[in-house]
There are 2 protein chains.
Amino acid sequence: MFEAAELGQRISKKEYREREAQLRQSLLEAQFELKEAGFPVLVLLNGVDGAGKGEVANLLNEWMDARLIVTRAYDDPTTDEVEWPYFWRFWRDLPPAGRMGIFLKAWYTEPFLRRARGEISHEAFSAALSRIVAFEETLAVDGAVLLKFWLHLGKKQQKERFKALEKNPRTAWQVTKEDWEHWKQYDTFVPLAEHLIMRTSTGRAPWEIVECTDPLFRNLEIGASLLRGIRRGLEEAEARKKARELEKADGKKGRRYLPPELDLGTGGEGAYPVGTVLSRLDMAKKLTKEKYEHRLELLQGELSTLHRKAREKKLSMILVFEGWDAAGKGGAIRRILRPLDARYAQVISVAAPTEEERAHHYLWRFWRHLPRAGRVTIFDRSWYGRVLVERIEGFAAPEEWMRAYAEINHFEGELLEHGIGILKFWIHITPDEQEARFRARAESPLKSWKLTEEDWRNRDRWGAYERAVNDMVERTSTRLAPWILVEGNDKRYARVKVLETVCQGFRDLLAGKFQPRPRGAKAKRTAVQV
Amino acid sequence: MFEAAELGQRISKKEYREREAQLRQSLLEAQFELKEAGFPVLVLLNGVDGAGKGEVANLLNEWMDARLIVTRAYDDPTTDEVEWPYFWRFWRDLPPAGRMGIFLKAWYTEPFLRRARGEISHEAFSAALSRIVAFEETLAVDGAVLLKFWLHLGKKQQKERFKALEKNPRTAWQVTKEDWEHWKQYDTFVPLAEHLIMRTSTGRAPWEIVECTDPLFRNLEIGASLLRGIRRGLEEAEARKKARELEKADGKKGRRYLPPELDLGTGGEGAYPVGTVLSRLDMAKKLTKEKYEHRLELLQGELSTLHRKAREKKLSMILVFEGWDAAGKGGAIRRILRPLDARYAQVISVAAPTEEERAHHYLWRFWRHLPRAGRVTIFDRSWYGRVLVERIEGFAAPEEWMRAYAEINHFEGELLEHGIGILKFWIHITPDEQEARFRARAESPLKSWKLTEEDWRNRDRWGAYERAVNDMVERTSTRLAPWILVEGNDKRYARVKVLETVCQGFRDLLAGKFQPRPRGAKAKRTAVQV
């Protein structure tokens with residue numbers, strides 16, 4: 001695989017100077033066009049020590065407008081960072097739309113070195129690479145341009161490079177002990193690098209192997225490839241924009257086109273389609289006041305104890321709440337919150353994204369709020385907005401929300417992989433019950449603010465929403481991250497059912513039942529879960 | 001001090017129900033007005049265990065719109081969090097304008113408990129309280145409403161409360177061992193609490209002691225006080241707005257009023273006021289190419305070694321770069337960056353704040369970017385924008401930028417206190433040199449993008465800027481966080497001077513010379529610096 005990168009390709013200083021000037025000019029122009037475009041560019045620099053990854057990062061910052069570039073290099077995760085899922089710190093650092101991020105020693109480094117040191121099996125290495133592919137695909141399909149450079153030096157060239165640097169007392173500091181240790185392992189690294197490159201070169205995020213014997217040649221290769229990548233991204237963004245305009249002109253009046261099998265229209269006032277998961281619920285379920293108060297107190301006491309145990313074991317839980325307007329999400333959440341220690345529990349109310357959040361992948365803001373170890377995080381509305389309100393209101397294009405099911409399953413898979421428990425509640429009420437609650441709200445001075453014009457409008461789309469809920473449950477309720485449908489016409493019944501489920505969830509969490517693999521079979525949790 | 005909070009004040013259930021309904025209604029209305037106002041509300045709940053701090057936090061979330069409230073409770077800082085200055089995690093969690101933040105076990109708890117356990121001296125406790133006063137004052141003077149509640153129970157009442165909770169098997173979990181331990185120390189806590197309340201009750205952020213024997217009485221007391229606080233904040237914001245409009249109508253046409261002694265006007269085209277710190281620089285200083293290259297290489301090697309040593313000792317350095325347009329900040333920064341390990345060094349290019357950042361105190365975004373231990377962070381422009389561009393362009397009102405000098409000194413004081421080194425560079429060039437560089441830029445295809453209309457316009461205000469630089473240096477150049485004025489007409493000389501100063505800075509950092517107290521006299525660095 002690396003033969004073509006050991007040809008000794010060189011370029012003269014004169015030619016370099018000419019081509020460099022031209023390239024810089026073009027890169028700058030592309031960067032300024034990118035600034036206005038709606039996608040980010042990610043440049044990954046990996047490869048052999050001494051090939052000049054750091055130099056290339058510095059050079060790109062010099063060639064282009066450094067204010068529009070974020071450069072990040074990673075050390076081993078700290079004792080705090082390991083409390084979050086593996087990709088958390090990389091998500092955190094992703095550049096927003098219009099910017100470029102340069103990543104050194106990023107998401108490939110850890111599994112690669114752990115495999116090289118024999119700390120993980122070949123299968124675990126391959127599994128880690130698959131998860132990386134899913135991560136990159138999530139970004140790429142959203143429009144991000146990923147350019148992955150593998151900087152290569154032959155074994156002999158690497159040795160010569162180190163020797164030359166060491167000979168000069170002014171540059172000797174650049175060569176570290178680790179560099180020499182890695183050099184000794186050169187022959188171990190090659191097949192691993194091949195496997196990595198083969199497994200993770202995808203259509204949208206291919207690796208480019210760059211010969212680095214001659215730094216001048218290397219600089220131009222990477223610069224030119226970066227330029228092509230940005231330009232391709234700009235063209236694709238332009239094409240997407242035109243396609244959307246055509247659809248609009250096609251009589252859709254701003255509403256995005258839905259394929260006929262999915263465009264169910266509004267379903268008419270309060271219409272109730274037959275055969276969804278919701279229509280099969282027994283909405284007459286009830287609880288007396290006495291039973292409710294008795295159960296509530298017992299369950300809250302139990303939850304308090306379970307949460308303390310989970311905290312001691314550093315186990316986290318994520319609770320997602322979705323449901324119709326006025327279904328009683330807030331009331332249920334408060335009943336859970338009361339017995340929890342406020343230091344280790346948090347409610348995230350999901351409203352419209354901020355400017356900064358809109359400039360990122362839609363999952364970015366949820367990664368941002370993930371709990372550290374031993375915490376409970378309650379999402380009052382969540383990432384499922386993508387396949388509910390964004391689908392119905394046309395805020396997300398059909399191709400966007402249709403791929404969201406898979407993206408969400410991957411996302412939750414990363415959380416489970418890290419040992420976090422997930423429970424997802426849909427609190428269901430009937431259209432009649434909702435109307436009664438809306439009317440009661442409208443009359444109560446303490447609750448009328450909760451009711452907006454939009455709430456009434458949403459009722460017209462009940463059928464479409466119900467279909468969306470059905471699809472969501474069908475496609476994202478998994479054994480380890482299940483949807484719990486809660487019969488919510490009786491608030492007391494709903495709250496007790498939620499609390500019971502949460503308690504059971506904690507018991508499962510403590511018993512290791514949320515773990516994707518049986519607990520015994522798992523290696524001791526170390527710095528990185530790969 | 002607490003006698004008035006042990007009167008046994010109670011309220012009947014009937015009266016509670018009536019007043020509660022009215023209060024909730026008013027609180028909601030105030031909250032919605034707040035949403036549109038340009039300031040945040042901070043509610044601090046401190047006081048005696050068992051008095052109901054957590055209950056009050058839950059209650060406020062139930063009474064008001066929880067989506068507009070952020071509730072935060074703090075545990076001891078983690079091993080990662082201690083790598084940042086004390087106030088970092090509190091700054092991070094501050095609510096934006098229009099929102100309310102409820103803080104439990106926040107910035108008072110740590111110094112209070114450490115003093116109670118005898119871990120710090122009375123003097124250190126008082127010093128910690130003074131720093132808290134400065135922190136709160138910074139927020140309050142910017143418009144934030146701070147409401148600090150000290151929830152009080154007499155020693156006997158506290159014991160009764162715990163006993164009652166323990167007696168009921170369903171609520172026994174609410175009483176912890178720590179609660180009883182604190183109860184035993186009741187008599188130690190009282191004088192400490194008195195001292196704390198006296199020292200930190202300021203005009204803008206007073207403590208209110210609330211009697212908590214009767215939870216109903218407590219709830220209404222806190223609710224009513226919160227309502228008054230929000231309303232007062234709204235009135236003050238309204239008054240500020242009117243005052244600004246009056247000033248505008250007074251013929252100032254959008255430019256904010258400057259007091260005559262400070263309103264120097266533009267200073268005329270390229271005017272050069274006499275007697276500023278800049279006019280005394282020897283701008284003829286130069287370096288030959290040979291000398292430059294020799295020095296550069298040696299200094300970069302040295303810097304690499306020094307940075308490695310600092311990293312090993314977990315010492316951080318902050319480098320601030322300010323200067324005229326085209327002064328050569330970027331070039332100097334790149335020369336520093338090259339020998340640093342990218343994993344431990346970062347450049348923050350300060351541009352216009354984001355929407356989220358604009359909704360916070362102007363220092364918030366800088367706190368956000370502070371380095372963890374062992375890092376170098378380079379600010380390409382900085383918090384000094386407040387007293388430079390914001391002053392000259394009128395983006396900050398005179399009272400805002402005039403108080404900024406003190407705020408910045410406090411801010412940098414917190415960094416120094418934590419052991420971070422700070423060096424601040426003003427790179428100076430003469431107006432003629434700037435013009436020559438602008439012309440060269442305009443002609444170079446690789447650099448013309450760096451030049452904007454605004455750059456030419458700024459030249460008209462050279463005199464005003466120079467006066468602002470003079471004031472800035474005069475008021476914020478301290479022994480431990482000095483300004484270094486760099487003669488920048490010769491780029492080679494400037495870069496070498498910067499590198500030499502940075503190397504010397506690292507040597508000082510390693511020798512403990514940035515420490516506000518002599519190193520030997522200092523207690524071992526533990527969880528919190530108070």
# chains A, B, ... in the order shown; residues from 1 in each chain; ligands from 1

$ select_by_dssp --residues "stretch 80-328 of chain A" --states "strand (DSSP E or B)" --output "list of chain:residue names"
A:Met100, A:Gly101, A:Ile102, A:Phe103, A:Leu104, A:Val145, A:Leu146, A:Leu147, A:Lys148, A:Phe149, A:Trp150, A:Leu151, A:His152, A:Trp207, A:Glu208, A:Ile209, A:Val210, A:Glu211, A:Met317, A:Ile318, A:Leu319, A:Val320, A:Phe321, A:Glu322, A:Gly323

$ residues_around --residues "stretch 348-364 of chain B" --least-positions-apart "6" --cutoff "6 Å" --atoms "only C-alpha atoms" --output "ChimeraX atom specification"
/A:67 /B:96-97,379-381

$ write_last_selection --atoms "N, CA and C atoms" --output "PDB file, in the first residue's frame"
ATOM      1  N   ARG A  67      -7.642  32.894  11.649  1.00  0.00           N
ATOM      2  CA  ARG A  67      -8.799  33.168  12.506  1.00  0.00           C
ATOM      3  C   ARG A  67      -9.982  32.268  12.172  1.00  0.00           C
TER       4      ARG A  67
ATOM      5  N   PRO B  96     -27.442  33.299  30.941  1.00  0.00           N
ATOM      6  CA  PRO B  96     -27.374  34.461  30.043  1.00  0.00           C
ATOM      7  C   PRO B  96     -28.452  35.482  30.409  1.00  0.00           C
ATOM      8  N   ALA B  97     -28.377  36.640  29.774  1.00  0.00           N
ATOM      9  CA  ALA B  97     -29.382  37.679  29.996  1.00  0.00           C
ATOM     10  C   ALA B  97     -30.775  37.110  29.743  1.00  0.00           C
ATOM     11  N   PHE B 379      -3.662  34.668  23.233  1.00  0.00           N
ATOM     12  CA  PHE B 379      -4.833  35.427  22.803  1.00  0.00           C
ATOM     13  C   PHE B 379      -4.418  36.445  21.738  1.00  0.00           C
ATOM     14  N   ASP B 380      -4.926  36.259  20.538  1.00  0.00           N
ATOM     15  CA  ASP B 380      -4.686  37.206  19.448  1.00  0.00           C
ATOM     16  C   ASP B 380      -5.828  38.223  19.534  1.00  0.00           C
ATOM     17  N   ARG B 381      -5.572  39.333  20.183  1.00  0.00           N
ATOM     18  CA  ARG B 381      -6.554  40.267  20.733  1.00  0.00           C
ATOM     19  C   ARG B 381      -7.233  39.594  21.923  1.00  0.00           C
TER      20      ARG B 381
END

$ residues_around --residues "A:Leu59" --least-positions-apart "5" --cutoff "9 Å" --atoms "only C-alpha atoms" --output "PDB file with all heavy atoms, in the first residue's frame"
ATOM      1  N   GLY A  54       2.922  18.293  12.446  1.00  0.00           N
ATOM      2  CA  GLY A  54       2.877  19.603  13.104  1.00  0.00           C
ATOM      3  C   GLY A  54       3.264  20.726  12.142  1.00  0.00           C
ATOM      4  O   GLY A  54       2.633  21.775  12.113  1.00  0.00           O
ATOM      5  N   MET A  64      -3.314  30.279   5.220  1.00  0.00           N
ATOM      6  CA  MET A  64      -4.712  30.701   5.178  1.00  0.00           C
ATOM      7  C   MET A  64      -5.002  31.661   6.333  1.00  0.00           C
ATOM      8  O   MET A  64      -4.113  32.002   7.104  1.00  0.00           O
ATOM      9  CB  MET A  64      -5.609  29.453   5.226  1.00  0.00           C
ATOM     10  CG  MET A  64      -5.325  28.515   4.064  1.00  0.00           C
ATOM     11  SD  MET A  64      -6.109  26.875   4.220  1.00  0.00           S
ATOM     12  CE  MET A  64      -7.780  27.226   3.664  1.00  0.00           C
ATOM     13  N   ASN A 219       4.129  19.513   1.117  1.00  0.00           N
ATOM     14  CA  ASN A 219       3.299  20.700   1.325  1.00  0.00           C
ATOM     15  C   ASN A 219       2.364  20.949   0.146  1.00  0.00           C
ATOM     16  O   ASN A 219       1.181  21.226   0.329  1.00  0.00           O
ATOM     17  CB  ASN A 219       4.182  21.935   1.521  1.00  0.00           C
ATOM     18  CG  ASN A 219       5.015  21.844   2.780  1.00  0.00           C
ATOM     19  OD1 ASN A 219       4.802  20.944   3.602  1.00  0.00           O
ATOM     20  ND2 ASN A 219       5.973  22.747   2.930  1.00  0.00           N
TER      21      ASN A 219
END

$ residues_around --residues "stretch 179-183 of chain B" --least-positions-apart "3" --cutoff "10 Å" --atoms "only C-alpha atoms" --output "number ranges by chain"
B: 48-50, 113, 116, 155-156, 158-159, 162, 174-176, 186-189

$ interface_residues --of "chain B" --to "chain A" --cutoff "6 Å" --atoms "only C-alpha atoms" --output "PyMOL selection string"
chain B and resi 25+67+73-74+80+170+301+342-343+349+446

$ write_last_selection --atoms "C-alpha atoms" --output "PDB file, in the first residue's frame"
ATOM      1  CA  GLN B  25     -48.917  34.672  38.955  1.00  0.00           C
ATOM      2  CA  ARG B  67     -37.218  26.202  30.741  1.00  0.00           C
ATOM      3  CA  ALA B  73     -25.470  22.428  42.603  1.00  0.00           C
ATOM      4  CA  TYR B  74     -21.779  21.772  43.139  1.00  0.00           C
ATOM      5  CA  ASP B  80      -9.749  18.135  36.210  1.00  0.00           C
ATOM      6  CA  ARG B 170     -40.335   6.902  53.625  1.00  0.00           C
ATOM      7  CA  GLY B 301      14.956  25.620  21.105  1.00  0.00           C
ATOM      8  CA  ALA B 342       0.384  21.487  19.629  1.00  0.00           C
ATOM      9  CA  ARG B 343      -1.331  19.346  22.252  1.00  0.00           C
ATOM     10  CA  SER B 349      -8.345  34.573  17.836  1.00  0.00           C
ATOM     11  CA  LEU B 446      -1.674  36.890  -0.806  1.00  0.00           C
TER      12      LEU B 446
END

$ select_by_dssp --residues "stretch 136-337 of chain B" --states "alpha helix (DSSP H)" --output "VMD selection string"
chain B and resid 136 to 141 155 to 167 177 to 184 186 to 200 215 to 247 289 to 312 329 to 337
